[in-house]
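What follows is a set of notes on a single structure, which appears directly below.
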Amino acid sequence: MTTEVLLTRWPTAGQKVELLNGVLVFAGDFDERDLETARRTYPGRRPVLNADGGLEVHPAGPGVPTPLV
């Protein structure tokens, strides 16, 4: 693990996260690997990638959530 990874990748980059309407929004360039990690980290929640390449973790509920960004 490099310093760059520690400072920019989820979930270690805490300075790059916001809470919007109950949704955790992680800024960055994420992919399917990060989505799978989010599913294991937040069981019952609904993680999704948004249009900006960020990761959003929505509260529990039915179906696939609509990204905020």
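In the structure tokens, the first chain shown is A, the next is B, and so on; residue numbers restart at 1 for each chain, and ligands run from 1 in the order shown.
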
What are the DSSP strand (DSSP E) residues of chain A, as a PyMOL selection string?
chain A and resi 17-20+23-26+46-49+55-58

Can you list, as a PyMOL selection string, every protein, DNA or RNA residue that comes within 9 Å of Pro43 of chain A when you count only C-alpha atoms, leaving out same-chain residues fewer than 4 positions away?
chain A and resi 38-39+60

Non-local contacts of segment 18-28 of chain A (6 Å; only C-alpha atoms; under 2 positions in same chain excluded) as a list in words
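That gives Lys16, Gly54, Leu55, Glu56, Val57 and His58 of chain A.
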
Output C-alpha atoms for every residue in the selection just made, as a compact mmCIF listing (two decimals), in the first residue's frame.
# COMPACT_ATOMS: atom_id res chain seq x y z
CA LYS A 16 -13.14 13.05 0.86
CA GLY A 54 -17.64 8.63 -6.86
CA LEU A 55 -19.10 6.04 -4.54
CA GLU A 56 -22.41 6.56 -2.77
CA VAL A 57 -23.70 4.37 0.08
CA HIS A 58 -27.49 4.71 0.33

Taking the backbone alone, and naming residues the way the document does, which bits of chain A are helix (DSSP H, G or I) by DSSP, as an MDAnalysis selection string?
chainID A and resid 3:8 14:16 32:41

C-alpha atoms of the current selection, written as a PDB file, in the first residue's frame:
ATOM      1  CA  THR A   3       0.909   6.797   0.510  1.00  0.00           C
ATOM      2  CA  GLU A   4      -1.133   7.804  -2.538  1.00  0.00           C
ATOM      3  CA  VAL A   5      -3.501   4.876  -2.018  1.00  0.00           C
ATOM      4  CA  LEU A   6      -3.896   5.692   1.687  1.00  0.00           C
ATOM      5  CA  LEU A   7      -4.737   9.328   0.927  1.00  0.00           C
ATOM      6  CA  THR A   8      -6.999   8.880  -2.092  1.00  0.00           C
ATOM      7  CA  GLY A  14     -12.034  10.247   5.199  1.00  0.00           C
ATOM      8  CA  GLN A  15     -11.441  13.843   4.183  1.00  0.00           C
ATOM      9  CA  LYS A  16     -13.140  13.045   0.861  1.00  0.00           C
ATOM     10  CA  GLU A  32     -16.556  -2.457  -9.191  1.00  0.00           C
ATOM     11  CA  ARG A  33     -13.904  -3.593  -6.680  1.00  0.00           C
ATOM     12  CA  ASP A  34     -14.774  -0.656  -4.450  1.00  0.00           C
ATOM     13  CA  LEU A  35     -18.472  -1.387  -4.826  1.00  0.00           C
ATOM     14  CA  GLU A  36     -17.920  -4.948  -3.607  1.00  0.00           C
ATOM     15  CA  THR A  37     -15.880  -3.665  -0.656  1.00  0.00           C
ATOM     16  CA  ALA A  38     -18.681  -1.230   0.232  1.00  0.00           C
ATOM     17  CA  ARG A  39     -21.233  -4.069   0.144  1.00  0.00           C
ATOM     18  CA  ARG A  40     -19.163  -6.025   2.670  1.00  0.00           C
ATOM     19  CA  THR A  41     -18.410  -2.958   4.797  1.00  0.00           C
TER      20      THR A  41
END

Which one of A:Val17, A:Gly44, A:Leu49, A:Phe30 sits closest to Pro62 of chain A if you count only C-alpha atoms?
A:Gly44

Expressed in Å to a single decimal, how great is the separation between atom CA of Asp31 of chain A and atom CA of Val69 of chain A?
15.6 Å
